[in-house]
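Below: the structure, in structure tokens.
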Amino acid sequence: MPSTPAAFASRRAGLSVRLKLTLSYAGFLMVSGALLLAVVWVFLLRYVPDGNLSPGPGQGHWGPQPPWVPNRSDLQRAFLPRASQAMAFLLLFGLLGGWLLAGRMLSPLTQITDAARLAAEGSLSHRIRMRGPRDEFRELADVFDTMLRQLESHVDEQQRFAANASHELRTPLAISQTLLDVARSDPTRDHGELLERLHIVNTRAIDLIEALLLLSRSDRRSFTREPVDLSLVAEEAAETLLPFAEQRRITLEVTGERAQTVGSEELILRVVTNLVQNAIVHNLSTGGVVSVHTESQPDASVLRVENTGRPVPPDLVPTLTEPFQRGTRRIRTDEHAGVGLGLAIVHSIVRAHDGALDITPRPAGGLIVNVRLPNAPQTSALSGAR
């Protein structure tokens, strides 16, 4: 991407838009004046006879002196200098007025250009906030402000994500380094225990990297779309996690009907798996319930995952889908602590599928998570049924 000064220097090498508009305005006035003169000649002067005009009837030699009647040559001698002066005035007026008018019309574009220059230099907090009537320039400025706002938010989000990812990756590496230093400084220590701890730390680092790669893949939307039945995906995820739920004495229920959507079956399966696993982990110690329900609505295919558990503060809910934000009351230190990307991955995949994710606390404790995905077109649904 070329630097800003070079880009604007190459633009100044040619005629500016203001000068082009000025010349256009002046040229339009000159053409209009020339057309008016042509109309005068075609419809007036050409019908005036040339030469001496004879007096009218009844005016003899001794009668009263006939009035002077100008002929074509007389009219041309009187008309052409004034016409030339009028054309010169139109030229000067067109250049001066066109220059002022073009400057006034292009002033909003100058504001947009200055904002674009600041954005190119890395300042994304500047906003145009153009006032005045809602014309094309005002609409362009508003769209540009919206783009800057979204770009600034995206950059801030990426910076926070990179900082959090670096911190999360540094932790297992630091632990591994500490364990290796301990093993080297104390040869008599039980190496089996150290190897087991190293294996756990290394597995956590691998899970974190895989989660980051999956999150990046879903953000790029680089996946093939195909018909997917949410009910079948929910049954597959529940079947996979059923032993885990039984181990924690959690009742896992799957109900609902066929709900057809279009997307990546692998990514949608990850959505359901993450939601069900989170619902199992963040549940009551015993006697908890996780229910998975699918249904097809006129405007969307819906997946709902509901679980019992401790009450979740409403102000904590918006942070649950942020990367590495587990919440103070949802942090776990056991073997199922996770990497803090479960709901962030869910949110990213749902967004990549043009869907919506809604998280609501249950009054009795736990969460209700609704995933709404676009319905599959009828042709796709039929082909999927075959």
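Just remember, in the structure tokens the first chain shown is A, the second B, etc., residues are 1-based per chain, and ligands are 1-based in the order shown.
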
Check range 183-251 of chain A with DSSP on the backbone and list each residue it calls strand (DSSP E), as a PyMOL selection string. chain A and resi 226-229+250-251

Just the residues within 8 Å of Leu148 in chain A, please, counting only C-alpha atoms, with nothing from its chain fewer than 2 positions along; format it as a PDB file with all heavy atoms, in the first residue's frame.
ATOM      1  N   ALA A 119      -6.968   8.369   8.724  1.00  0.00           N
ATOM      2  CA  ALA A 119      -7.128   6.926   8.882  1.00  0.00           C
ATOM      3  C   ALA A 119      -5.947   6.181   8.276  1.00  0.00           C
ATOM      4  O   ALA A 119      -5.493   5.165   8.828  1.00  0.00           O
ATOM      5  CB  ALA A 119      -8.435   6.471   8.245  1.00  0.00           C
ATOM      6  N   LEU A 124      -7.770   6.081  13.833  1.00  0.00           N
ATOM      7  CA  LEU A 124      -9.105   5.588  13.523  1.00  0.00           C
ATOM      8  C   LEU A 124     -10.177   6.189  14.418  1.00  0.00           C
ATOM      9  O   LEU A 124     -11.356   5.881  14.242  1.00  0.00           O
ATOM     10  CB  LEU A 124      -9.133   4.059  13.670  1.00  0.00           C
ATOM     11  CG  LEU A 124      -8.166   3.282  12.770  1.00  0.00           C
ATOM     12  CD1 LEU A 124      -8.269   1.795  13.057  1.00  0.00           C
ATOM     13  CD2 LEU A 124      -8.436   3.566  11.306  1.00  0.00           C
ATOM     14  N   SER A 125      -9.787   7.047  15.358  1.00  0.00           N
ATOM     15  CA  SER A 125     -10.768   7.634  16.274  1.00  0.00           C
ATOM     16  C   SER A 125     -11.414   8.895  15.709  1.00  0.00           C
ATOM     17  O   SER A 125     -12.401   9.381  16.264  1.00  0.00           O
ATOM     18  CB  SER A 125     -10.092   7.965  17.608  1.00  0.00           C
ATOM     19  OG  SER A 125      -9.024   8.888  17.425  1.00  0.00           O
ATOM     20  N   ARG A 127     -13.728  11.260  13.477  1.00  0.00           N
ATOM     21  CA  ARG A 127     -15.018  11.131  12.807  1.00  0.00           C
ATOM     22  C   ARG A 127     -15.325  12.436  12.076  1.00  0.00           C
ATOM     23  O   ARG A 127     -14.994  13.527  12.538  1.00  0.00           O
ATOM     24  CB  ARG A 127     -16.135  10.839  13.817  1.00  0.00           C
ATOM     25  CG  ARG A 127     -15.946   9.560  14.607  1.00  0.00           C
ATOM     26  CD  ARG A 127     -16.084   8.341  13.726  1.00  0.00           C
ATOM     27  NE  ARG A 127     -15.967   7.117  14.513  1.00  0.00           N
ATOM     28  CZ  ARG A 127     -14.811   6.483  14.732  1.00  0.00           C
ATOM     29  NH1 ARG A 127     -13.689   6.958  14.192  1.00  0.00           N
ATOM     30  NH2 ARG A 127     -14.771   5.392  15.460  1.00  0.00           N
ATOM     31  N   PHE A 144     -18.725   6.492   5.847  1.00  0.00           N
ATOM     32  CA  PHE A 144     -17.298   6.474   6.181  1.00  0.00           C
ATOM     33  C   PHE A 144     -17.101   6.459   7.694  1.00  0.00           C
ATOM     34  O   PHE A 144     -16.234   5.742   8.207  1.00  0.00           O
ATOM     35  CB  PHE A 144     -16.614   7.697   5.566  1.00  0.00           C
ATOM     36  CG  PHE A 144     -15.114   7.638   5.604  1.00  0.00           C
ATOM     37  CD1 PHE A 144     -14.407   6.941   4.649  1.00  0.00           C
ATOM     38  CD2 PHE A 144     -14.416   8.288   6.605  1.00  0.00           C
ATOM     39  CE1 PHE A 144     -13.024   6.883   4.686  1.00  0.00           C
ATOM     40  CE2 PHE A 144     -13.033   8.247   6.655  1.00  0.00           C
ATOM     41  CZ  PHE A 144     -12.338   7.540   5.693  1.00  0.00           C
ATOM     42  N   ASP A 145     -17.915   7.234   8.421  1.00  0.00           N
ATOM     43  CA  ASP A 145     -17.836   7.218   9.884  1.00  0.00           C
ATOM     44  C   ASP A 145     -18.181   5.841  10.434  1.00  0.00           C
ATOM     45  O   ASP A 145     -17.534   5.352  11.368  1.00  0.00           O
ATOM     46  CB  ASP A 145     -18.783   8.270  10.468  1.00  0.00           C
ATOM     47  CG  ASP A 145     -18.231   9.678  10.334  1.00  0.00           C
ATOM     48  OD1 ASP A 145     -17.032   9.821  10.065  1.00  0.00           O
ATOM     49  OD2 ASP A 145     -19.010  10.645  10.485  1.00  0.00           O
ATOM     50  N   THR A 146     -19.211   5.215   9.870  1.00  0.00           N
ATOM     51  CA  THR A 146     -19.584   3.872  10.308  1.00  0.00           C
ATOM     52  C   THR A 146     -18.458   2.879  10.036  1.00  0.00           C
ATOM     53  O   THR A 146     -18.159   2.017  10.874  1.00  0.00           O
ATOM     54  CB  THR A 146     -20.867   3.425   9.599  1.00  0.00           C
ATOM     55  OG1 THR A 146     -21.915   4.360   9.863  1.00  0.00           O
ATOM     56  CG2 THR A 146     -21.297   2.041  10.061  1.00  0.00           C
ATOM     57  N   GLN A 150     -16.469   0.734  12.926  1.00  0.00           N
ATOM     58  CA  GLN A 150     -16.348  -0.723  12.911  1.00  0.00           C
ATOM     59  C   GLN A 150     -14.895  -1.164  12.804  1.00  0.00           C
ATOM     60  O   GLN A 150     -14.485  -2.139  13.447  1.00  0.00           O
ATOM     61  CB  GLN A 150     -17.168  -1.293  11.753  1.00  0.00           C
ATOM     62  CG  GLN A 150     -18.667  -1.072  11.892  1.00  0.00           C
ATOM     63  CD  GLN A 150     -19.437  -1.602  10.699  1.00  0.00           C
ATOM     64  OE1 GLN A 150     -18.852  -1.980   9.683  1.00  0.00           O
ATOM     65  NE2 GLN A 150     -20.767  -1.621  10.803  1.00  0.00           N
ATOM     66  N   LEU A 151     -14.111  -0.441  11.996  1.00  0.00           N
ATOM     67  CA  LEU A 151     -12.702  -0.795  11.845  1.00  0.00           C
ATOM     68  C   LEU A 151     -11.949  -0.582  13.151  1.00  0.00           C
ATOM     69  O   LEU A 151     -11.121  -1.414  13.542  1.00  0.00           O
ATOM     70  CB  LEU A 151     -12.081   0.042  10.727  1.00  0.00           C
ATOM     71  CG  LEU A 151     -10.621  -0.261  10.367  1.00  0.00           C
ATOM     72  CD1 LEU A 151     -10.489  -1.701   9.906  1.00  0.00           C
ATOM     73  CD2 LEU A 151     -10.133   0.689   9.285  1.00  0.00           C
ATOM     74  N   GLU A 152     -12.242   0.523  13.839  1.00  0.00           N
ATOM     75  CA  GLU A 152     -11.591   0.772  15.124  1.00  0.00           C
ATOM     76  C   GLU A 152     -11.959  -0.301  16.135  1.00  0.00           C
ATOM     77  O   GLU A 152     -11.102  -0.797  16.880  1.00  0.00           O
ATOM     78  CB  GLU A 152     -11.988   2.155  15.642  1.00  0.00           C
ATOM     79  CG  GLU A 152     -11.306   2.524  16.947  1.00  0.00           C
ATOM     80  CD  GLU A 152     -11.766   3.870  17.470  1.00  0.00           C
ATOM     81  OE1 GLU A 152     -12.858   4.325  17.061  1.00  0.00           O
ATOM     82  OE2 GLU A 152     -11.045   4.464  18.285  1.00  0.00           O
TER      83      GLU A 152
END

Quick one: DSSP alpha helix (DSSP H) residues in range 132-335 of chain A, as a PyMOL selection string? chain A and resi 136-185+191-220+230-247+265-281

Include C-alpha atoms and write out the residues we just selected as a short mmCIF file (atom, residue, chain, number, x, y, z; two decimals), in the first residue's frame.
data_model
loop_
_atom_site.label_atom_id
_atom_site.label_comp_id
_atom_site.auth_asym_id
_atom_site.auth_seq_id
_atom_site.Cartn_x
_atom_site.Cartn_y
_atom_site.Cartn_z
CA GLU A 136 -24.90 12.26 -1.39
CA PHE A 137 -21.87 13.75 0.41
CA ARG A 138 -23.58 13.54 3.80
CA GLU A 139 -24.50 9.92 3.12
CA LEU A 140 -20.93 9.14 2.07
CA ALA A 141 -19.57 10.79 5.22
CA ASP A 142 -21.96 8.83 7.43
CA VAL A 143 -20.98 5.57 5.76
CA PHE A 144 -17.30 6.47 6.18
CA ASP A 145 -17.84 7.22 9.88
CA THR A 146 -19.58 3.87 10.31
CA MET A 147 -16.72 2.11 8.55
CA LEU A 148 -14.15 3.84 10.79
CA ARG A 149 -16.15 2.94 13.89
CA GLN A 150 -16.35 -0.72 12.91
CA LEU A 151 -12.70 -0.80 11.85
CA GLU A 152 -11.59 0.77 15.12
CA SER A 153 -13.67 -1.72 17.08
CA HIS A 154 -12.28 -4.62 15.03
CA VAL A 155 -8.67 -3.44 15.51
CA ASP A 156 -9.18 -2.99 19.25
CA GLU A 157 -10.74 -6.43 19.46
CA GLN A 158 -7.85 -7.98 17.55
CA GLN A 159 -5.30 -6.22 19.76
CA ARG A 160 -7.02 -7.43 22.91
CA PHE A 161 -7.29 -10.91 21.43
CA ALA A 162 -3.58 -10.95 20.54
CA ALA A 163 -2.62 -9.74 24.01
CA ASN A 164 -4.85 -12.31 25.70
CA ALA A 165 -3.65 -15.10 23.42
CA SER A 166 -0.03 -14.20 24.13
CA HIS A 167 -0.73 -14.24 27.85
CA GLU A 168 -2.56 -17.57 27.67
CA LEU A 169 0.19 -19.17 25.59
CA ARG A 170 2.92 -17.79 27.83
CA THR A 171 1.41 -19.46 30.90
CA PRO A 172 1.81 -23.13 29.83
CA LEU A 173 5.23 -22.37 28.36
CA ALA A 174 6.35 -20.79 31.62
CA ILE A 175 5.03 -23.78 33.57
CA SER A 176 6.87 -26.17 31.25
CA GLN A 177 10.06 -24.17 31.67
CA THR A 178 9.68 -24.29 35.45
CA LEU A 179 9.10 -28.04 35.45
CA LEU A 180 12.16 -28.60 33.25
CA ASP A 181 14.30 -26.41 35.52
CA VAL A 182 13.12 -28.38 38.54
CA ALA A 183 13.93 -31.69 36.83
CA ARG A 184 17.39 -30.47 35.89
CA SER A 185 18.22 -29.05 39.31
CA HIS A 191 10.41 -37.97 36.74
CA GLY A 192 7.12 -39.77 36.17
CA GLU A 193 5.21 -37.05 38.02
CA LEU A 194 7.04 -34.32 36.10
CA LEU A 195 6.33 -36.01 32.80
CA GLU A 196 2.65 -36.32 33.68
CA ARG A 197 2.43 -32.63 34.57
CA LEU A 198 4.32 -31.70 31.41
CA HIS A 199 1.87 -33.79 29.41
CA ILE A 200 -1.10 -31.96 30.96
CA VAL A 201 0.45 -28.54 30.34
CA ASN A 202 1.41 -29.44 26.78
CA THR A 203 -2.09 -30.76 26.06
CA ARG A 204 -3.57 -27.52 27.30
CA ALA A 205 -1.26 -25.52 25.02
CA ILE A 206 -2.22 -27.70 22.04
CA ASP A 207 -5.93 -27.25 22.81
CA LEU A 208 -5.44 -23.51 23.01
CA ILE A 209 -3.63 -23.36 19.66
CA GLU A 210 -6.29 -25.52 17.99
CA ALA A 211 -9.00 -23.28 19.41
CA LEU A 212 -7.21 -20.19 18.09
CA LEU A 213 -6.90 -21.76 14.64
CA LEU A 214 -10.58 -22.71 14.64
CA LEU A 215 -11.55 -19.20 15.73
CA SER A 216 -9.44 -17.71 12.93
CA ARG A 217 -10.94 -20.10 10.38
CA SER A 218 -14.50 -19.24 11.36
CA ASP A 219 -13.76 -15.50 11.21
CA ARG A 220 -12.49 -15.85 7.63
CA LEU A 230 -29.55 -29.25 13.58
CA SER A 231 -31.47 -32.13 15.15
CA LEU A 232 -28.98 -34.70 13.84
CA VAL A 233 -26.03 -32.55 14.91
CA ALA A 234 -27.55 -32.17 18.39
CA GLU A 235 -28.00 -35.94 18.71
CA GLU A 236 -24.41 -36.56 17.63
CA ALA A 237 -23.02 -34.04 20.12
CA ALA A 238 -25.18 -35.41 22.94
CA GLU A 239 -24.12 -38.98 22.17
CA THR A 240 -20.47 -37.96 22.30
CA LEU A 241 -20.81 -36.11 25.60
CA LEU A 242 -23.21 -38.54 27.29
CA PRO A 243 -20.43 -40.45 29.17
CA PHE A 244 -19.05 -37.12 30.40
CA ALA A 245 -22.53 -36.07 31.61
CA GLU A 246 -23.10 -39.42 33.35
CA GLN A 247 -19.74 -39.14 35.05
CA GLU A 265 -21.48 -29.36 9.48
CA GLU A 266 -18.12 -29.60 11.24
CA LEU A 267 -18.30 -26.04 12.57
CA ILE A 268 -21.96 -26.32 13.58
CA LEU A 269 -21.12 -29.55 15.40
CA ARG A 270 -18.42 -27.64 17.25
CA VAL A 271 -21.05 -25.04 18.23
CA VAL A 272 -23.37 -27.65 19.71
CA THR A 273 -20.52 -29.55 21.35
CA ASN A 274 -19.12 -26.42 23.01
CA LEU A 275 -22.54 -25.35 24.26
CA VAL A 276 -23.42 -28.76 25.67
CA GLN A 277 -19.98 -29.21 27.23
CA ASN A 278 -20.18 -25.77 28.87
CA ALA A 279 -23.68 -26.59 30.10
CA ILE A 280 -22.38 -29.79 31.70
CA VAL A 281 -19.28 -28.23 33.23
#

Give me the residues within 10 Å of Glu253 in chain A as a list of chain:residue names, counting only C-alpha atoms and dropping any in the same chain fewer than 4 places off.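 In the requested form, the answer reads A:Glu235, A:Ala238, A:Leu242, A:Val289, A:Val290, A:Ser291, A:Val292, A:His293, A:Val305, A:Glu306.
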
May I have the residues within 7 Å of range 370-378 of chain A as a compact mmCIF listing (two decimals) with all heavy atoms, in the first residue's frame, using only C-alpha atoms and disregarding those fewer than 2 positions away in the same chain?
# COMPACT_ATOMS: atom_id res chain seq x y z
N PRO A 227 -26.22 -28.38 3.20
CA PRO A 227 -27.38 -28.55 4.09
C PRO A 227 -27.00 -29.28 5.38
O PRO A 227 -26.29 -30.29 5.36
CB PRO A 227 -28.36 -29.37 3.25
CG PRO A 227 -27.93 -29.15 1.83
CD PRO A 227 -26.45 -28.96 1.87
N GLN A 260 -33.52 -27.48 9.45
CA GLN A 260 -32.55 -27.50 8.36
C GLN A 260 -31.95 -26.12 8.17
O GLN A 260 -32.65 -25.11 8.11
CB GLN A 260 -33.24 -27.94 7.07
CG GLN A 260 -32.28 -28.40 5.99
CD GLN A 260 -31.83 -29.84 6.20
OE1 GLN A 260 -32.35 -30.54 7.06
NE2 GLN A 260 -30.86 -30.28 5.41
N THR A 261 -30.61 -26.06 8.08
CA THR A 261 -29.90 -24.83 7.79
C THR A 261 -28.81 -25.14 6.77
O THR A 261 -28.69 -26.27 6.29
CB THR A 261 -29.30 -24.23 9.07
OG1 THR A 261 -28.72 -22.94 8.76
CG2 THR A 261 -28.24 -25.13 9.65
N VAL A 262 -28.03 -24.12 6.43
CA VAL A 262 -26.95 -24.28 5.45
C VAL A 262 -25.67 -23.77 6.08
O VAL A 262 -25.64 -22.66 6.63
CB VAL A 262 -27.24 -23.51 4.15
CG1 VAL A 262 -26.05 -23.60 3.20
CG2 VAL A 262 -28.48 -24.07 3.47
N ASP A 299 -38.72 -18.07 10.16
CA ASP A 299 -37.61 -17.22 9.74
C ASP A 299 -36.24 -17.78 10.10
O ASP A 299 -35.22 -17.19 9.71
CB ASP A 299 -37.75 -15.83 10.36
CG ASP A 299 -37.80 -15.89 11.89
OD1 ASP A 299 -38.12 -16.97 12.41
OD2 ASP A 299 -37.52 -14.87 12.52
N ALA A 300 -36.17 -18.87 10.85
CA ALA A 300 -34.86 -19.38 11.26
C ALA A 300 -35.00 -20.80 11.80
O ALA A 300 -36.08 -21.24 12.19
CB ALA A 300 -34.25 -18.47 12.33
N SER A 301 -33.86 -21.49 11.82
CA SER A 301 -33.73 -22.77 12.51
C SER A 301 -33.08 -22.51 13.86
O SER A 301 -32.05 -21.84 13.93
CB SER A 301 -32.88 -23.74 11.68
OG SER A 301 -33.51 -24.04 10.46
N VAL A 302 -33.68 -23.03 14.92
CA VAL A 302 -33.29 -22.64 16.28
C VAL A 302 -32.74 -23.85 17.03
O VAL A 302 -33.29 -24.95 16.96
CB VAL A 302 -34.49 -22.04 17.04
CG1 VAL A 302 -34.08 -21.64 18.46
CG2 VAL A 302 -35.04 -20.84 16.30
N LEU A 303 -31.63 -23.61 17.73
CA LEU A 303 -31.06 -24.58 18.66
C LEU A 303 -31.03 -23.93 20.04
O LEU A 303 -30.49 -22.83 20.19
CB LEU A 303 -29.64 -24.97 18.23
CG LEU A 303 -28.83 -25.75 19.26
CD1 LEU A 303 -29.31 -27.18 19.35
CD2 LEU A 303 -27.34 -25.71 18.94
N ARG A 304 -31.61 -24.60 21.03
CA ARG A 304 -31.63 -24.06 22.38
C ARG A 304 -30.98 -25.05 23.33
O ARG A 304 -31.34 -26.23 23.37
CB ARG A 304 -33.06 -23.77 22.83
CG ARG A 304 -33.12 -23.12 24.23
CD ARG A 304 -34.51 -22.69 24.64
NE ARG A 304 -35.38 -23.84 24.89
CZ ARG A 304 -36.40 -24.17 24.11
NH1 ARG A 304 -36.67 -23.45 23.03
NH2 ARG A 304 -37.15 -25.21 24.39
N VAL A 305 -30.01 -24.55 24.10
CA VAL A 305 -29.33 -25.35 25.12
C VAL A 305 -29.58 -24.68 26.46
O VAL A 305 -29.22 -23.51 26.66
CB VAL A 305 -27.82 -25.45 24.83
CG1 VAL A 305 -27.12 -26.25 25.93
CG2 VAL A 305 -27.57 -26.08 23.47
N HIS A 353 -22.00 -17.81 10.05
CA HIS A 353 -23.14 -18.43 9.37
C HIS A 353 -24.34 -17.48 9.27
O HIS A 353 -25.47 -17.94 9.01
CB HIS A 353 -23.56 -19.72 10.10
CG HIS A 353 -22.64 -20.87 9.86
ND1 HIS A 353 -21.41 -20.98 10.46
CD2 HIS A 353 -22.77 -21.97 9.07
CE1 HIS A 353 -20.82 -22.11 10.06
NE2 HIS A 353 -21.62 -22.72 9.22
N ASP A 354 -24.09 -16.20 9.51
CA ASP A 354 -25.15 -15.17 9.43
C ASP A 354 -26.29 -15.46 10.41
O ASP A 354 -27.46 -15.20 10.12
CB ASP A 354 -25.71 -15.07 8.00
CG ASP A 354 -24.64 -14.73 6.98
OD1 ASP A 354 -23.79 -13.89 7.30
OD2 ASP A 354 -24.64 -15.32 5.88
N GLY A 355 -25.93 -16.01 11.57
CA GLY A 355 -26.91 -16.31 12.59
C GLY A 355 -26.82 -15.35 13.76
O GLY A 355 -26.11 -14.35 13.73
N ALA A 356 -27.54 -15.68 14.82
CA ALA A 356 -27.58 -14.84 16.02
C ALA A 356 -27.47 -15.73 17.24
O ALA A 356 -28.03 -16.84 17.29
CB ALA A 356 -28.87 -14.03 16.08
N LEU A 357 -26.73 -15.24 18.24
CA LEU A 357 -26.53 -15.96 19.50
C LEU A 357 -27.11 -15.13 20.63
O LEU A 357 -26.76 -13.96 20.79
CB LEU A 357 -25.04 -16.23 19.73
CG LEU A 357 -24.65 -16.91 21.05
CD1 LEU A 357 -25.17 -18.34 21.07
CD2 LEU A 357 -23.14 -16.89 21.25
N ASP A 358 -27.99 -15.74 21.40
CA ASP A 358 -28.64 -15.04 22.51
C ASP A 358 -28.44 -15.85 23.78
O ASP A 358 -28.78 -17.05 23.82
CB ASP A 358 -30.13 -14.85 22.23
CG ASP A 358 -30.84 -14.12 23.37
OD1 ASP A 358 -30.48 -12.97 23.65
OD2 ASP A 358 -31.73 -14.73 23.99
N ILE A 359 -27.88 -15.21 24.82
CA ILE A 359 -27.61 -15.86 26.10
C ILE A 359 -28.43 -15.16 27.17
O ILE A 359 -28.33 -13.94 27.34
CB ILE A 359 -26.11 -15.82 26.45
CG1 ILE A 359 -25.28 -16.46 25.32
CG2 ILE A 359 -25.84 -16.51 27.77
CD1 ILE A 359 -23.79 -16.38 25.56
N ILE A 368 -29.74 -20.01 29.45
CA ILE A 368 -30.49 -20.44 28.27
C ILE A 368 -29.79 -19.82 27.07
O ILE A 368 -29.71 -18.60 26.94
CB ILE A 368 -31.96 -19.99 28.33
CG1 ILE A 368 -32.66 -20.55 29.57
CG2 ILE A 368 -32.68 -20.42 27.06
CD1 ILE A 368 -34.08 -20.05 29.72
N SER A 380 -32.25 -26.76 -1.40
CA SER A 380 -31.18 -27.37 -0.64
C SER A 380 -31.72 -28.38 0.35
O SER A 380 -31.14 -29.44 0.59
CB SER A 380 -30.38 -26.27 0.10
OG SER A 380 -29.80 -25.39 -0.83
N ALA A 381 -32.88 -28.05 0.94
CA ALA A 381 -33.45 -28.99 1.90
C ALA A 381 -33.85 -30.29 1.22
O ALA A 381 -33.66 -31.39 1.76
CB ALA A 381 -34.66 -28.34 2.58
N LEU A 382 -34.42 -30.19 0.02
CA LEU A 382 -34.81 -31.40 -0.69
C LEU A 382 -33.62 -32.22 -1.09
O LEU A 382 -33.64 -33.46 -0.95
CB LEU A 382 -35.63 -31.00 -1.94
CG LEU A 382 -37.02 -30.38 -1.66
CD1 LEU A 382 -37.67 -29.96 -2.97
CD2 LEU A 382 -37.90 -31.35 -0.88

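Of the listed residues A:Arg225, A:Val17, A:Ala26, A:Asp135, the one whose atoms come nearest to Leu90 in chain A is A:Ala26, with distances taken using only C-alpha atoms.
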